[in-house]
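Below is target21.txt, which holds compact mmCIF, C-alpha atoms.
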```txt
# COMPACT_ATOMS: atom_id res chain seq x y z
CA MET A 1 84.36 34.14 13.93
CA THR A 2 84.18 34.04 17.71
CA PHE A 3 81.03 34.54 19.72
CA GLY A 4 80.78 36.10 23.15
CA GLU A 5 78.22 35.87 25.92
CA ASP A 6 74.53 35.29 25.27
CA ASN A 7 73.66 38.93 25.96
CA GLU A 8 76.27 40.11 23.48
CA LEU A 9 74.81 37.82 20.81
CA VAL A 10 71.29 38.99 21.59
CA ALA A 11 72.38 42.62 21.23
CA ARG A 12 73.96 41.80 17.87
CA VAL A 13 70.81 40.06 16.64
CA VAL A 14 68.52 42.88 17.78
CA SER A 15 70.66 45.65 16.32
CA THR A 16 71.72 44.10 13.01
CA GLN A 17 69.40 41.10 12.52
CA ASP A 18 72.50 38.90 12.45
CA THR A 19 71.21 35.41 11.64
CA ARG A 20 74.62 33.82 12.30
CA ALA A 21 74.61 35.15 15.86
CA PHE A 22 71.09 33.83 16.32
CA GLY A 23 72.22 30.46 14.92
CA GLU A 24 74.90 30.37 17.61
CA LEU A 25 72.26 31.08 20.29
CA ILE A 26 70.18 28.20 18.96
CA ARG A 27 73.19 25.85 18.94
CA ARG A 28 73.92 26.75 22.57
CA HIS A 29 70.40 26.24 23.90
CA GLN A 30 68.58 23.85 21.58
CA SER A 31 69.32 20.82 23.74
CA HIS A 32 67.77 22.40 26.85
CA VAL A 33 64.72 23.65 24.97
CA ARG A 34 64.13 20.34 23.20
CA ASN A 35 64.60 18.32 26.39
CA PHE A 36 62.24 20.64 28.25
CA LEU A 37 59.54 20.27 25.58
CA ARG A 38 60.09 16.52 25.27
CA LYS A 39 59.50 16.09 28.98
CA LEU A 40 56.43 18.31 28.88
CA SER A 41 54.79 16.76 25.83
CA GLY A 42 56.12 13.20 26.06
CA ASP A 43 56.52 13.10 22.28
CA ALA A 44 59.94 13.75 20.74
CA GLY A 45 58.63 14.61 17.26
CA ALA A 46 56.00 17.04 18.48
CA ALA A 47 58.49 18.53 20.93
CA ASP A 48 60.99 19.22 18.14
CA ASP A 49 58.29 20.96 16.07
CA LEU A 50 57.43 23.07 19.11
CA ALA A 51 61.11 23.82 19.62
CA GLN A 52 61.32 25.13 16.04
CA ASP A 53 58.28 27.33 16.67
CA THR A 54 59.86 28.48 19.93
CA PHE A 55 63.02 29.69 18.19
CA MET A 56 61.03 31.34 15.38
CA ARG A 57 59.00 33.19 18.00
CA ALA A 58 62.15 34.02 19.95
CA TRP A 59 63.60 35.62 16.80
CA ASP A 60 60.53 37.86 16.48
CA LYS A 61 60.41 38.75 20.17
CA LEU A 62 64.10 39.00 20.96
CA HIS A 63 63.89 42.78 21.42
CA THR A 64 61.66 42.14 24.48
CA PHE A 65 64.51 40.30 26.29
CA SER A 66 65.65 42.83 28.86
CA GLY A 67 68.91 41.06 29.74
CA ARG A 68 68.11 41.11 33.47
CA GLY A 69 67.60 37.36 33.86
CA SER A 70 69.35 34.51 32.05
CA PHE A 71 68.72 34.03 28.36
CA ILE A 72 67.81 30.36 28.83
CA GLY A 73 65.19 31.40 31.40
CA TRP A 74 63.64 33.77 28.87
CA LEU A 75 63.84 31.11 26.15
CA LEU A 76 62.09 28.53 28.34
CA LYS A 77 59.35 31.07 28.98
CA VAL A 78 58.85 31.36 25.21
CA ALA A 79 58.93 27.54 24.94
CA TYR A 80 56.38 27.12 27.73
CA THR A 81 54.04 29.72 26.15
CA THR A 82 54.40 27.99 22.77
CA PHE A 83 53.59 24.64 24.39
CA LEU A 84 50.50 25.98 26.17
CA GLN A 85 49.22 27.70 23.03
CA SER A 86 49.68 24.58 20.94
CA LYS A 87 47.85 22.57 23.59
CA ARG A 88 44.96 25.04 23.60
CA LYS A 89 44.82 24.91 19.80
CA SER A 90 44.74 21.11 19.64
CA LYS A 91 42.11 21.03 22.39
CA ARG A 92 39.94 23.45 20.41
CA TYR A 93 40.54 21.37 17.27
CA ALA A 94 39.40 18.23 19.10
CA GLU A 95 36.32 20.08 20.36
CA ILE A 96 35.41 21.19 16.83
CA LEU A 97 35.81 17.61 15.58
CA ASP A 98 33.62 16.40 18.43
CA GLU A 99 31.00 19.03 17.58
CA VAL A 100 30.83 17.81 13.98
CA GLY A 101 30.71 14.20 15.15
CA HIS A 102 34.18 13.03 14.16
CA VAL A 103 36.37 10.85 16.30
CA SER A 104 38.92 13.16 17.84
CA VAL A 105 42.10 12.98 15.80
CA ALA A 106 44.03 14.45 18.68
CA GLU A 107 42.75 11.66 20.87
CA SER A 108 43.46 8.92 18.38
CA ARG A 109 46.98 10.25 17.92
CA THR A 110 47.72 10.36 21.63
CA HIS A 111 51.26 9.25 22.04
CA THR A 112 51.67 6.19 24.19
CA LEU A 113 55.08 4.78 24.81
CA PRO A 114 55.57 1.02 24.73
CA ALA A 115 55.72 -0.38 28.27
CA ASP A 116 59.45 -1.17 28.02
CA GLU A 117 60.23 2.42 26.99
CA VAL A 118 58.50 3.99 29.99
CA THR A 119 61.20 5.32 32.28
CA ASP A 120 60.99 6.11 35.98
CA LEU A 121 60.92 9.77 35.05
CA ASP A 122 57.90 9.21 32.77
CA LYS A 123 56.11 7.59 35.69
CA PHE A 124 57.08 10.48 37.97
CA LEU A 125 55.91 13.08 35.48
CA ALA A 126 52.62 11.26 34.92
CA VAL A 127 51.45 11.95 38.47
CA LEU A 128 52.11 15.69 38.16
CA SER A 129 49.81 18.33 36.76
CA GLU A 130 50.95 20.23 33.67
CA GLU A 131 52.05 23.23 35.71
CA GLU A 132 53.89 21.09 38.26
CA ARG A 133 55.57 19.16 35.46
CA ALA A 134 56.77 22.35 33.75
CA ILE A 135 58.12 23.81 36.97
CA MET A 136 59.76 20.58 38.14
CA VAL A 137 61.43 20.15 34.74
CA MET A 138 62.65 23.77 34.77
CA SER A 139 64.03 23.27 38.25
CA TYR A 140 65.57 19.79 38.10
CA ALA A 141 66.24 19.19 34.40
CA CYS A 142 67.17 22.71 33.32
CA GLY A 143 68.70 23.87 36.61
CA LEU A 144 66.79 27.16 36.72
CA SER A 145 66.66 29.05 40.00
CA HIS A 146 63.32 29.76 41.67
CA ARG A 147 63.65 33.39 40.58
CA GLU A 148 64.23 32.36 36.94
CA ILE A 149 61.26 29.96 37.05
CA SER A 150 59.16 32.75 38.53
CA ASP A 151 60.11 34.99 35.59
CA ALA A 152 59.47 32.21 33.08
CA THR A 153 56.04 31.28 34.41
CA ASP A 154 54.89 34.73 35.61
CA MET A 155 54.32 33.28 39.07
CA PRO A 156 55.52 34.69 42.38
CA VAL A 157 58.64 32.99 43.78
CA GLY A 158 56.61 31.76 46.77
CA SER A 159 54.14 30.01 44.47
CA VAL A 160 56.99 28.40 42.52
CA LYS A 161 58.40 27.02 45.76
CA SER A 162 55.04 25.64 46.84
CA VAL A 163 54.45 24.03 43.41
CA ILE A 164 57.85 22.32 43.69
CA PHE A 165 57.03 21.23 47.23
CA ARG A 166 53.64 19.88 46.09
CA GLY A 167 55.23 18.09 43.13
CA LYS A 168 57.80 16.42 45.35
CA GLU A 169 55.09 15.47 47.80
CA LYS A 170 53.09 13.82 45.00
CA ILE A 171 56.13 11.91 43.77
CA ARG A 172 56.95 10.86 47.32
CA THR A 173 53.44 9.59 48.02
CA SER A 174 53.01 7.89 44.64
CA PHE A 175 56.37 6.15 44.63
CA ASP A 176 58.69 4.86 47.24
CA ILE A 177 61.36 7.33 46.17
CA LYS A 178 64.12 5.47 48.06
CA ASP A 179 63.64 2.51 45.72
CA HIS A 180 65.21 4.52 42.92
CA GLN A 181 68.16 5.67 44.94
CA HIS A 182 70.41 2.77 44.06
CA GLY A 183 68.72 1.63 40.87
CA MET B 1 67.43 19.28 69.58
CA THR B 2 65.15 21.37 67.35
CA SER B 3 68.08 22.56 65.21
CA LYS B 4 69.26 18.98 64.90
CA ILE B 5 65.84 17.99 63.59
CA ILE B 6 65.87 20.93 61.13
CA ASN B 7 69.38 20.02 59.95
CA MET B 8 68.31 16.42 59.54
CA ALA B 9 65.22 17.50 57.58
CA GLU B 10 67.37 19.68 55.32
CA ARG B 11 69.81 16.84 54.78
CA ILE B 12 66.96 14.52 53.84
CA LYS B 13 65.59 17.19 51.50
CA ASP B 14 69.00 17.66 49.93
CA ALA B 15 69.34 13.95 49.32
CA GLU B 16 65.90 13.95 47.75
CA ASP B 17 66.82 16.92 45.61
CA ARG B 18 69.97 15.18 44.45
CA LEU B 19 67.93 12.13 43.61
CA LEU B 20 65.46 14.21 41.63
CA ASP B 21 68.34 15.96 39.88
CA ALA B 22 69.63 12.56 38.81
CA MET B 23 66.17 11.41 37.76
CA PHE B 24 65.50 14.51 35.68
CA GLU B 25 68.98 14.63 34.20
CA SER B 26 68.73 14.37 30.44
CA VAL B 27 71.16 13.38 27.76
CA PRO B 28 72.21 16.41 25.66
CA ILE B 29 70.55 16.35 22.26
CA ALA B 30 72.91 16.77 19.30
CA ASP B 31 72.17 19.72 17.04
CA ASP B 32 72.31 17.63 13.83
CA GLY B 33 71.26 20.48 11.57
CA PHE B 34 68.46 21.66 13.85
CA SER B 35 69.84 25.19 14.22
CA GLY B 36 70.72 25.37 10.51
CA GLN B 37 67.15 24.52 9.59
CA ILE B 38 65.74 27.33 11.75
CA VAL B 39 68.28 29.88 10.50
CA LYS B 40 67.35 28.91 6.93
CA ARG B 41 63.65 29.46 7.73
CA ILE B 42 64.42 32.86 9.27
CA ARG B 43 66.52 33.95 6.28
CA ARG B 44 63.76 32.87 3.92
CA ASN B 45 61.21 34.88 5.93
CA LEU B 46 63.51 37.93 5.92
CA TRP B 47 64.00 37.66 2.17
CA ILE B 48 60.25 37.34 1.60
CA ARG B 49 59.63 40.41 3.79
CA ARG B 50 62.28 42.38 1.91
CA ILE B 51 60.87 41.71 -1.54
CA THR B 52 57.19 41.91 -0.59
CA LEU B 53 57.02 45.73 -0.39
CA PRO B 54 58.75 46.55 -3.70
CA ALA B 55 56.83 43.77 -5.43
CA ALA B 56 53.54 45.06 -4.04
CA VAL B 57 54.35 48.61 -5.16
CA LEU B 58 55.27 47.42 -8.64
CA LEU B 59 52.23 45.22 -8.99
CA GLY B 60 49.94 47.88 -7.53
CA GLY B 61 51.42 50.45 -9.91
CA LEU B 62 50.82 48.19 -12.91
CA VAL B 63 47.26 47.44 -11.91
CA ALA B 64 46.40 51.01 -10.91
CA TYR B 65 48.17 52.81 -13.74
CA GLN B 66 45.27 52.96 -16.21
CA PRO B 67 42.43 53.85 -13.79
CA VAL B 68 44.57 56.41 -11.94
CA ALA B 69 45.65 58.03 -15.22
CA ALA B 70 42.01 58.19 -16.37
CA LEU B 71 40.96 59.64 -13.02
CA LEU B 72 43.65 62.32 -13.11
CA LYS B 73 42.76 63.20 -16.69
CA GLY B 74 39.09 63.54 -15.68
CA VAL B 75 39.95 65.72 -12.68
CA TYR B 76 42.17 67.91 -14.84
CA GLN B 77 39.37 68.38 -17.36
CA VAL B 78 36.91 69.26 -14.59
CA LEU B 79 39.37 71.80 -13.26
CA LEU B 80 39.83 73.30 -16.75
CA SER B 81 36.12 73.85 -16.96
CA VAL B 82 36.14 75.97 -13.78
CA PRO B 83 35.10 79.51 -14.85
CA GLY B 84 38.01 81.91 -15.09
CA ASP B 85 36.44 84.56 -12.84
CA LEU B 86 36.34 82.06 -9.92
CA VAL B 87 40.09 81.71 -10.10
CA PRO B 88 41.90 84.66 -8.57
CA SER B 89 44.59 85.87 -10.97
CA ILE B 90 47.22 87.18 -8.59
CA SER B 91 50.31 86.84 -10.75
CA GLY B 92 51.80 84.54 -13.35
CA SER B 93 54.62 83.40 -11.05
CA LEU B 94 52.25 81.54 -8.68
CA PRO B 95 51.03 78.04 -9.61
CA SER B 96 47.51 77.90 -10.92
CA VAL B 97 44.65 76.68 -8.70
CA GLN B 98 44.20 73.67 -10.99
CA LEU B 99 47.81 72.70 -10.52
CA ILE B 100 47.62 73.09 -6.74
CA ILE B 101 44.46 70.96 -6.51
CA THR B 102 45.92 68.30 -8.80
CA GLY B 103 49.12 68.25 -6.74
CA ALA B 104 47.16 67.95 -3.51
CA LEU B 105 45.12 65.10 -4.96
CA LEU B 106 48.26 63.30 -6.10
CA LEU B 107 49.86 63.79 -2.69
CA PHE B 108 46.75 62.43 -0.99
CA VAL B 109 46.67 59.37 -3.25
CA ALA B 110 50.40 58.76 -2.70
CA LEU B 111 50.14 59.07 1.10
CA PHE B 112 47.06 56.89 1.19
CA SER B 113 48.78 54.20 -0.91
CA LEU B 114 51.92 54.30 1.24
CA ASN B 115 49.83 54.00 4.38
CA MET B 116 48.01 51.00 2.95
CA LEU B 117 51.30 49.34 1.93
CA GLU B 118 52.73 49.90 5.39
CA ASP B 119 49.69 48.21 6.96
```

Once more with this new file: its structure as C-alpha cells, please.
Amino acid sequence: MTFGEDNELVARVVSTQDTRAFGELIRRHQSHVRNFLRKLSGDAGAADDLAQDTFMRAWDKLHTFSGRGSFIGWLLKVAYTTFLQSKRKSKRYAEILDEVGHVSVAESRTHTLPADEVTDLDKFLAVLSEEERAIMVMSYACGLSHREISDATDMPVGSVKSVIFRGKEKIRTSFDIKDHQHG
Amino acid sequence: MTSKIINMAERIKDAEDRLLDAMFESVPIADDGFSGQIVKRIRRNLWIRRITLPAAVLLGGLVAYQPVAALLKGVYQVLLSVPGDLVPSISGSLPSVQLIITGALLLFVALFSLNMLED
C-alpha cells in the first residue's frame, strides 16, 4: 500500500477512520514531535508519554485541521497544548500536596541530568522562558516558519519574531556564542 | 555605508542563525514500535466505542424489562377502567384511545431512552 501527501492521509483518516493511514502519519512525524517535547520538558520518558497523548488527541481532533498550514505545524500546536496542560495539571497536583502538607512529589521527581550529560543546548534552553523555549525549538529544531509558529502558538507573527529575537539576545548575553562555533 | 552596515548585520545574524540551527539540530528518533503502540490504543478505543452502545442497550433492556412491563400493564389496566362514554366511538376501523395513549407512551419511553444512550 502506498501513501501520498500528509493532507491526503488526513482526508482518508477523517472520512473513513483509517487507522493505517494515521499510523503512517505518526511514523512520518513522531521524531519531530518527540524531539520537540524532549527539548521542552527535558525528560525523555515524560516527553514520550506526552507524545503518545499528543497523537491520541490529534486522532480525536483531526477534523479540525483545515489543511491551510503544514500538518507538522498543526501537530506541534497539539503537542504544545498537551505539554502546557500537563504542566498545569502537575502544578495543581503539587499545590494540592502542599495544601495537605506533603512534600511535593512533582518537586522530588524533578528531572536533573548528570553534569556530564548536560549539553550546550540544555544550557541554552535553561536561560529561556517556557514560551521562548517552545518558539526557539519550533524555529531552529523543527524548521517551522514564523507563520507556522504563529499558527501553532496563536501569537501574531510580529510577536513570534520578537520572542525569537529576545531568546537569541538572552543566549548571546548568557553565553559567548562564538565559543561554540568551532566546538 | 549604511547599507554596508545593514548587510554586515544580516550576515552576522545569518551566521548566528546557522549556529543556532546546528545547536538545535536533533538526531532523528527511531519509531521502534511507537506508532504501532498508538494505533493499537486507537483501535482498542474504537472497538470499545463500537460495542458500548449495543451492550448498554442490551443491559438496559434486561434490567428495565420487568419494571417497564409492569408499568405498561398498569397503564393498560388504568386505561381499561376509563368509562366508555368518555371515549368517542367514531368507528371500528380507527385505533382505540387506549391503544393510541399506550403507543404514545411507548414512543416517549423509546425516544427518551435513545436520547439518554446518545448522551

Compile the contact shell of A:Arg20 as a PyMOL selection string: residues with an atom at most 12 Å away, counting only C-alpha atoms, same-chain residues fewer than 6 positions apart removed. (chain A and resi 1-3+9-10+12-13+26-27) or (chain B and resi 35-36+38-40+42-43)

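Those residues that approach stretch 126-128 of chain A to within 10 Å, counting all atoms listed in the file, are A:Gly42, A:Asp120, A:Leu121, A:Asp122, A:Lys123, A:Phe124, A:Glu130, A:Glu131, A:Glu132, A:Arg133, A:Ala134, A:Met136, A:Arg166, A:Gly167, A:Lys168, A:Lys170, A:Ile171, A:Ser174, A:Phe175; same-chain residues fewer than 2 positions away are not listed.
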
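With atom CA of A:Leu76 on one side and atom CA of A:Gly143 on the other, the separation reads 11.6 Å.
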
Specify as a PyMOL selection string all residues of chain A found within 10 Å of chain B, counting all atoms listed in the file. chain A and resi 17-36+39+48+51-53+55-56+59-60+119-122+124-125+136-143+168+171-172+177-178+180-182

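You will find atom CA of A:Leu62 at 21.2 Å from atom CA of A:Ala47.
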
Between atom CA of B:Leu79 and atom CA of B:Tyr65, distance in Å (one decimal):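 Separation of atom CA of B:Leu79 and atom CA of B:Tyr65: 20.9 Å.
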